[in-house]
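Containing compact mmCIF, C-alpha atoms: coords_24.txt.
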```
# COMPACT_ATOMS: atom_id res chain seq x y z
CA MET A 423 -7.56 0.66 59.63
CA LEU A 424 -9.79 2.03 56.91
CA GLN A 425 -8.15 3.66 53.88
CA ILE A 426 -10.04 5.35 51.05
CA TYR A 427 -8.70 6.30 47.62
CA THR A 428 -11.15 8.53 45.79
CA GLY A 429 -11.20 11.46 43.35
CA ASN A 430 -11.39 11.88 39.58
CA GLY A 431 -7.73 11.22 38.76
CA LYS A 432 -5.89 8.09 37.65
CA GLY A 433 -4.26 6.08 40.43
CA LYS A 434 -6.97 4.81 42.77
CA THR A 435 -7.12 1.15 41.80
CA THR A 436 -3.39 1.06 41.07
CA ALA A 437 -2.61 2.53 44.53
CA ALA A 438 -4.69 -0.24 46.09
CA LEU A 439 -2.93 -2.84 43.91
CA GLY A 440 0.48 -1.48 44.88
CA LEU A 441 -0.46 -1.54 48.55
CA GLY A 442 -1.56 -5.15 48.13
CA LEU A 443 1.77 -5.99 46.50
CA ARG A 444 3.68 -4.32 49.33
CA ALA A 445 1.59 -6.13 51.95
CA VAL A 446 2.19 -9.50 50.28
CA GLY A 447 5.91 -8.71 50.26
CA ALA A 448 5.71 -8.33 54.04
CA GLY A 449 4.04 -11.74 54.35
CA LYS A 450 0.53 -10.37 54.80
CA ARG A 451 -2.45 -12.16 53.29
CA VAL A 452 -4.30 -9.97 50.83
CA LEU A 453 -7.68 -10.25 49.13
CA LEU A 454 -8.70 -8.03 46.25
CA ILE A 455 -12.41 -7.92 45.48
CA GLN A 456 -13.18 -6.03 42.28
CA PHE A 457 -16.73 -4.73 41.99
CA LEU A 458 -18.31 -3.96 38.61
CA LYS A 459 -15.33 -5.45 36.80
CA ASP A 460 -15.31 -8.48 34.55
CA GLY A 461 -12.01 -9.90 35.80
CA GLN A 462 -10.26 -9.36 32.47
CA SER A 463 -7.96 -6.53 33.58
CA SER A 464 -4.25 -7.24 33.12
CA GLU A 465 -3.51 -6.88 36.84
CA VAL A 466 -5.61 -9.99 37.49
CA LYS A 467 -3.24 -12.14 35.43
CA ALA A 468 -0.28 -10.90 37.47
CA ILE A 469 -2.05 -11.24 40.83
CA LYS A 470 -3.11 -14.82 40.19
CA LYS A 471 0.57 -15.82 40.09
CA ILE A 472 1.39 -14.18 43.43
CA PRO A 473 1.07 -16.50 46.46
CA GLY A 474 -0.88 -14.87 49.30
CA PHE A 475 -2.74 -12.46 46.99
CA ASP A 476 -6.28 -13.74 46.46
CA TYR A 477 -8.69 -12.35 43.93
CA ARG A 478 -12.41 -12.33 43.27
CA ASN A 479 -14.54 -10.20 40.99
CA PHE A 480 -18.22 -9.44 40.74
CA GLY A 481 -19.30 -7.72 37.59
CA LYS A 482 -20.13 -8.01 33.99
CA LYS A 483 -18.79 -6.62 30.75
CA GLY A 484 -19.46 -2.97 29.97
CA PHE A 485 -20.13 0.10 32.09
CA ILE A 486 -23.23 0.54 34.15
CA ASN A 487 -24.84 3.79 35.18
CA LYS A 488 -27.93 4.95 37.07
CA ASN A 489 -30.06 4.64 33.94
CA ASN A 490 -29.28 1.10 32.85
CA LEU A 491 -29.38 -0.85 36.13
CA THR A 492 -30.96 -4.29 35.96
CA LYS A 493 -31.95 -6.89 38.52
CA LYS A 494 -28.70 -8.69 37.69
CA ASP A 495 -26.72 -5.68 38.93
CA PHE A 496 -28.55 -5.73 42.25
CA ASP A 497 -28.05 -9.49 42.55
CA LEU A 498 -24.32 -9.16 41.83
CA ALA A 499 -24.03 -6.36 44.40
CA GLU A 500 -25.72 -8.50 47.03
CA GLN A 501 -23.49 -11.48 46.22
CA SER A 502 -20.39 -9.31 46.39
CA PHE A 503 -21.40 -7.81 49.73
CA ASN A 504 -22.06 -11.27 51.18
CA PHE A 505 -18.68 -12.43 49.89
CA ALA A 506 -16.89 -9.38 51.33
CA GLN A 507 -18.66 -9.86 54.64
CA LYS A 508 -17.59 -13.50 54.89
CA ALA A 509 -14.02 -12.64 53.91
CA LEU A 510 -13.79 -9.83 56.45
CA LYS A 511 -15.26 -11.93 59.24
CA SER A 512 -13.12 -14.98 58.38
CA ARG A 513 -9.98 -13.27 59.78
CA LYS A 514 -8.14 -15.01 56.94
CA TYR A 515 -6.85 -11.75 55.49
CA ASP A 516 -4.68 -8.92 56.84
CA CYS A 517 -5.67 -6.61 54.01
CA ILE A 518 -8.90 -6.55 52.01
CA ILE A 519 -9.33 -4.25 49.03
CA LEU A 520 -12.86 -3.42 47.90
CA ASP A 521 -12.08 -1.97 44.48
CA GLU A 522 -14.69 0.43 43.01
CA ILE A 523 -17.05 -0.06 45.95
CA ASN A 524 -17.62 3.71 46.08
CA ILE A 525 -19.21 3.46 42.63
CA VAL A 526 -21.46 0.63 43.82
CA LEU A 527 -22.56 2.80 46.74
CA GLY A 528 -23.09 5.80 44.46
CA LEU A 529 -25.34 3.70 42.24
CA GLU A 530 -27.25 2.68 45.39
CA LEU A 531 -26.70 -0.98 44.60
CA LEU A 532 -25.53 -1.30 48.20
CA LYS A 533 -26.26 0.83 51.25
CA THR A 534 -23.42 2.83 52.76
CA ASP A 535 -24.87 2.24 56.22
CA ASP A 536 -24.67 -1.53 55.75
CA LEU A 537 -21.00 -1.27 54.77
CA ILE A 538 -20.26 0.98 57.75
CA LYS A 539 -22.01 -1.45 60.09
CA LEU A 540 -19.86 -4.27 58.71
CA ILE A 541 -16.59 -2.29 58.93
CA LYS A 542 -17.28 -1.46 62.57
CA THR A 543 -17.26 -5.18 63.44
CA ILE A 544 -13.76 -5.70 61.99
CA PRO A 545 -10.70 -5.34 64.27
CA PRO A 546 -8.60 -2.27 63.39
CA LYS A 547 -5.50 -4.39 62.65
CA THR A 548 -7.23 -5.52 59.47
CA GLU A 549 -6.48 -3.07 56.68
CA ILE A 550 -9.59 -2.28 54.64
CA ILE A 551 -9.00 -0.38 51.40
CA LEU A 552 -11.89 1.20 49.50
CA THR A 553 -11.55 2.75 46.06
CA GLY A 554 -13.70 4.60 43.53
CA ARG A 555 -14.83 8.11 42.74
CA ASN A 556 -17.19 10.04 44.97
CA ALA A 557 -16.62 8.25 48.27
CA PRO A 558 -19.68 8.86 50.47
CA LYS A 559 -19.15 11.51 53.18
CA LYS A 560 -20.20 9.06 55.88
CA LEU A 561 -17.35 6.74 54.89
CA ILE A 562 -14.82 9.57 54.81
CA GLN A 563 -15.90 10.47 58.33
CA ILE A 564 -15.05 7.05 59.74
CA ALA A 565 -11.91 6.48 57.62
CA ASP A 566 -8.41 6.60 59.09
CA LEU A 567 -6.83 7.72 55.82
CA VAL A 568 -8.32 9.37 52.76
CA THR A 569 -6.43 10.42 49.64
CA GLU A 570 -8.12 12.31 46.85
CA MET A 571 -6.58 11.46 43.50
CA LYS A 572 -7.06 14.77 41.76
CA GLU A 573 -6.78 14.97 37.99
CA ILE A 574 -4.38 17.76 37.04
CA LYS A 575 -3.91 16.52 33.47
CA HIS A 576 -5.12 13.40 31.66
CA TYR A 577 -4.26 12.10 28.19
CA PHE A 578 -7.88 11.00 27.74
CA LYS A 579 -8.61 14.71 27.17
CA LYS A 580 -6.21 14.60 24.20
CA GLY A 581 -8.21 11.70 22.75
CA VAL A 582 -5.95 8.87 23.92
CA LYS A 583 -8.01 5.70 24.45
CA ALA A 584 -7.68 3.37 27.46
CA ARG A 585 -4.67 1.11 26.88
CA LYS A 586 -4.22 -2.55 27.85
CA GLY A 587 -1.61 -2.88 30.59
CA ILE A 588 -1.95 0.80 31.54
CA GLU A 589 -5.67 1.45 32.16
CA TYR A 590 -6.91 -2.14 32.28
CA MET B 266 3.79 8.79 27.58
CA LEU B 267 4.86 10.61 30.69
CA GLN B 268 2.80 10.13 33.85
CA ILE B 269 3.42 11.99 37.13
CA TYR B 270 2.06 11.11 40.56
CA THR B 271 2.67 13.91 43.02
CA GLY B 272 1.04 15.59 46.04
CA ASN B 273 1.21 15.21 49.82
CA GLY B 274 -1.12 12.22 50.18
CA LYS B 275 -0.46 8.48 50.44
CA GLY B 276 -0.66 6.55 47.18
CA LYS B 277 2.04 7.85 44.83
CA THR B 278 4.57 5.02 44.99
CA THR B 279 1.81 2.43 45.39
CA ALA B 280 0.00 3.76 42.29
CA ALA B 281 3.24 3.35 40.33
CA LEU B 282 3.71 -0.16 41.76
CA GLY B 283 0.15 -1.10 40.84
CA LEU B 284 0.62 0.25 37.34
CA GLY B 285 3.79 -1.82 37.05
CA LEU B 286 1.90 -4.91 38.19
CA ARG B 287 -0.85 -4.29 35.63
CA ALA B 288 1.70 -3.72 32.86
CA VAL B 289 3.51 -6.97 33.72
CA GLY B 290 0.15 -8.75 33.63
CA ALA B 291 -0.23 -7.53 30.05
CA GLY B 292 3.19 -8.94 29.14
CA LYS B 293 4.99 -5.60 29.26
CA ARG B 294 8.54 -5.34 30.58
CA VAL B 295 8.76 -3.06 33.60
CA LEU B 296 11.66 -1.50 35.46
CA LEU B 297 11.26 0.17 38.83
CA ILE B 298 14.11 2.44 39.89
CA GLN B 299 13.75 3.65 43.47
CA PHE B 300 15.66 6.81 44.31
CA LEU B 301 16.66 7.65 47.89
CA LYS B 302 15.46 4.26 49.10
CA ASP B 303 17.55 1.51 50.63
CA GLY B 304 15.81 -1.36 48.86
CA GLN B 305 14.38 -2.77 52.08
CA SER B 306 10.73 -1.92 51.43
CA SER B 307 8.37 -4.89 51.42
CA GLU B 308 7.28 -4.29 47.83
CA VAL B 309 10.81 -5.12 46.69
CA LYS B 310 10.52 -8.67 48.04
CA ALA B 311 7.31 -9.19 46.09
CA ILE B 312 8.61 -7.59 42.88
CA LYS B 313 11.76 -9.72 42.81
CA LYS B 314 9.58 -12.82 42.41
CA ILE B 315 7.64 -11.41 39.45
CA PRO B 316 9.12 -12.28 36.03
CA GLY B 317 9.36 -9.22 33.77
CA PHE B 318 9.43 -6.75 36.68
CA ASP B 319 13.01 -5.55 37.21
CA TYR B 320 14.18 -3.53 40.15
CA ARG B 321 17.07 -1.30 41.09
CA ASN B 322 17.54 1.13 43.93
CA PHE B 323 19.90 4.00 44.63
CA GLY B 324 19.88 5.26 48.14
CA LYS B 325 21.00 4.83 51.68
CA LYS B 326 19.34 4.30 55.03
CA GLY B 327 17.62 7.28 56.63
CA PHE B 328 16.02 10.43 55.28
CA ILE B 329 17.96 13.16 53.59
CA ASN B 330 17.04 16.83 53.40
CA LYS B 331 18.51 20.05 52.06
CA ASN B 332 20.60 20.51 55.21
CA ASN B 333 22.34 17.15 55.45
CA LEU B 334 23.37 16.47 51.85
CA THR B 335 26.80 14.88 51.40
CA LYS B 336 29.03 14.13 48.42
CA LYS B 337 27.73 10.56 48.59
CA ASP B 338 24.20 11.79 47.87
CA PHE B 339 25.37 13.64 44.76
CA ASP B 340 27.36 10.59 43.64
CA LEU B 341 24.34 8.31 44.11
CA ALA B 342 22.14 10.74 42.20
CA GLU B 343 24.58 10.81 39.32
CA GLN B 344 24.82 7.00 39.27
CA SER B 345 21.04 6.68 39.34
CA PHE B 346 20.61 9.14 36.49
CA ASN B 347 23.19 7.32 34.39
CA PHE B 348 21.45 4.03 35.10
CA ALA B 349 18.01 5.46 34.23
CA GLN B 350 19.42 6.96 31.05
CA LYS B 351 20.90 3.64 29.95
CA ALA B 352 17.68 1.79 30.79
CA LEU B 353 15.52 4.28 28.91
CA LYS B 354 17.77 4.26 25.87
CA SER B 355 18.13 0.46 25.87
CA ARG B 356 14.52 0.04 24.62
CA LYS B 357 14.44 -3.04 26.86
CA TYR B 358 11.47 -1.77 28.87
CA ASP B 359 7.91 -0.77 28.00
CA CYS B 360 7.43 0.98 31.32
CA ILE B 361 10.02 2.64 33.55
CA ILE B 362 9.13 3.97 36.98
CA LEU B 363 11.40 6.59 38.54
CA ASP B 364 10.15 6.43 42.12
CA GLU B 365 10.75 9.56 44.26
CA ILE B 366 12.63 11.31 41.48
CA ASN B 367 10.67 14.51 42.21
CA ILE B 368 12.32 14.60 45.63
CA VAL B 369 15.76 14.18 44.05
CA LEU B 370 15.00 17.13 41.76
CA GLY B 371 13.66 19.19 44.68
CA LEU B 372 16.91 18.59 46.57
CA GLU B 373 18.77 19.72 43.43
CA LEU B 374 20.74 16.49 43.36
CA LEU B 375 19.77 16.28 39.69
CA LYS B 376 18.73 18.98 37.25
CA THR B 377 15.15 18.98 35.97
CA ASP B 378 16.39 20.23 32.59
CA ASP B 379 18.66 17.19 32.23
CA LEU B 380 15.75 14.85 32.95
CA ILE B 381 13.51 16.68 30.47
CA LYS B 382 16.22 16.51 27.82
CA LEU B 383 16.48 12.75 28.39
CA ILE B 384 12.70 12.18 28.33
CA LYS B 385 12.41 14.03 25.02
CA THR B 386 14.70 11.45 23.38
CA ILE B 387 12.44 8.51 24.40
CA PRO B 388 9.68 7.34 22.01
CA PRO B 389 6.19 8.08 23.37
CA LYS B 390 5.20 4.38 23.36
CA THR B 391 7.50 3.95 26.37
CA GLU B 392 5.59 4.68 29.55
CA ILE B 393 7.63 6.81 31.95
CA ILE B 394 6.23 7.15 35.48
CA LEU B 395 7.59 9.75 37.90
CA THR B 396 6.61 9.94 41.56
CA GLY B 397 7.29 12.11 44.58
CA ARG B 398 6.00 15.29 46.18
CA ASN B 399 6.42 18.69 44.62
CA ALA B 400 6.85 17.71 40.99
CA PRO B 401 8.65 20.60 39.22
CA LYS B 402 6.34 22.79 37.10
CA LYS B 403 8.49 22.24 34.02
CA LEU B 404 7.85 18.50 34.26
CA ILE B 405 4.11 18.97 34.75
CA GLN B 406 4.09 21.08 31.59
CA ILE B 407 5.51 18.30 29.42
CA ALA B 408 3.62 15.42 31.12
CA ASP B 409 0.74 13.60 29.43
CA LEU B 410 -0.93 12.72 32.74
CA VAL B 411 -0.59 14.24 36.20
CA THR B 412 -2.47 13.14 39.31
CA GLU B 413 -2.15 15.03 42.57
CA MET B 414 -2.52 12.69 45.52
CA LYS B 415 -4.13 15.07 47.97
CA GLU B 416 -4.18 14.23 51.65
CA ILE B 417 -7.70 14.58 52.99
CA LYS B 418 -7.01 12.58 56.15
CA HIS B 419 -3.95 10.64 57.36
CA TYR B 420 -3.54 8.40 60.38
CA PHE B 421 -0.01 9.77 60.87
CA LYS B 422 -1.75 12.85 62.28
CA LYS B 423 -3.29 10.62 64.96
CA GLY B 424 0.21 9.43 65.91
CA VAL B 425 0.17 6.14 63.96
CA LYS B 426 3.72 5.21 62.95
CA ALA B 427 4.72 3.92 59.50
CA ARG B 428 3.89 0.21 59.33
CA LYS B 429 5.78 -2.58 57.56
CA GLY B 430 3.77 -3.88 54.62
CA ILE B 431 1.63 -0.75 54.52
CA GLU B 432 4.02 2.23 54.34
CA TYR B 433 7.25 0.39 53.55
```
Target format structure tokens, applied to this file:
Amino acid sequence: MLQIYTGNGKGKTTAALGLGLRAVGAGKRVLLIQFLKDGQSSEVKAIKKIPGFDYRNFGKKGFINKNNLTKKDFDLAEQSFNFAQKALKSRKYDCIILDEINIVLGLELLKTDDLIKLIKTIPPKTEIILTGRNAPKKLIQIADLVTEMKEIKHYFKKGVKARKGIEY
Amino acid sequence: MLQIYTGNGKGKTTAALGLGLRAVGAGKRVLLIQFLKDGQSSEVKAIKKIPGFDYRNFGKKGFINKNNLTKKDFDLAEQSFNFAQKALKSRKYDCIILDEINIVLGLELLKTDDLIKLIKTIPPKTEIILTGRNAPKKLIQIADLVTEMKEIKHYFKKGVKARKGIEY
């Protein structure tokens, strides 16, 4: 099954994390792949202590956008896709989370069609979770579940900065 | 800070769980109180193994609705509110999740005004997370962050049943 958590509100990555935690609690094997993240988020420390919850990140410090992409970003995207592909095809995991992959697709570091092609080769009993703003329409079309996390109110607008243990 | 996750889409409880996991990873002390739940969800098994992540549930098997409320439901709601109140006032936790409390308020098992009165006595550095559909407007007004989990697509509509490790 393919689940997508998208939208501009807080709760996409955390929903995927919570689903991973629930799955592990049921004895499922879970892999979280974080794209564009440097592996320093607090959740990583907690996950690494949980048996059955594997973790891998591909990213570097700082935010990237369409105007500051470098060859390194494309290389990292390719590496991450190859890793995700191997993990999905290995049948080692019941649940694979591709965190922030929608952003990678939006930046055109990876092709949506390549991801769709890959997903179509995976048996439906494997849970694939995609997160990130602006999920491509083509992905939404083939997904089994899509939730839009819609920002109604956010403390960032009041000037509150991202906080360790809450945002990262 | 008061955060609310509401809406008809999947991802409210899991977003709160994921936030709890991240907070624990940052060394924060977290308490998850599940209302209306029997404590048999898979996430509970995982949480109980995580140091610093406490858990308590108030509920019974089966779903309740406006038409089948019993004295027991009111008693459980009162117990759960008293427990939440003690926990919040104890200053023992950095982050307290009241899972499905919006449903409890919608069923009028607890009064929204009583919850608001309680929240106003808690220092803002304590993170209070509320989940459940149909968050009362009065709560949204005083919240620092509100995300609406909006269902765009759900496999339940295709006849898929709730699955262990994914929905519970």
- Query: Could you write out as a VMD selection string the residues of chain A within 8 Å of chain B, counting only C-alpha atoms?
  - Reply: chain A and resid 431 to 441 443 to 450 463 to 469 472 565 to 577 586 to 588 590
- Grab the CA of Tyr358 (chain B) to CA of Thr391 (chain B) distance for me, in Å with one decimal place.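 Going from CA of Tyr358 (chain B) over to CA of Thr391 (chain B) covers 7.4 Å.
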- Task: Could you give me, as a ChimeraX atom specification, the residues that have an atom at most 12 Å away from the point (11.8, 16.5, 53.4) in the coordinates of the file, using all atoms listed in the file?
- Result: /B:273,301,327-334,365,367-369,371-372,397-399
- Rounded to one decimal place, report the CA of Phe457 (chain A)-CA of Phe480 (chain A) distance in Å. 5.1 Å
- Any idea what the distance is between CA of Asp476 (chain A) and CA of Leu453 (chain A)?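 Result for CA of Asp476 (chain A) versus CA of Leu453 (chain A): 4.6 Å, one decimal.
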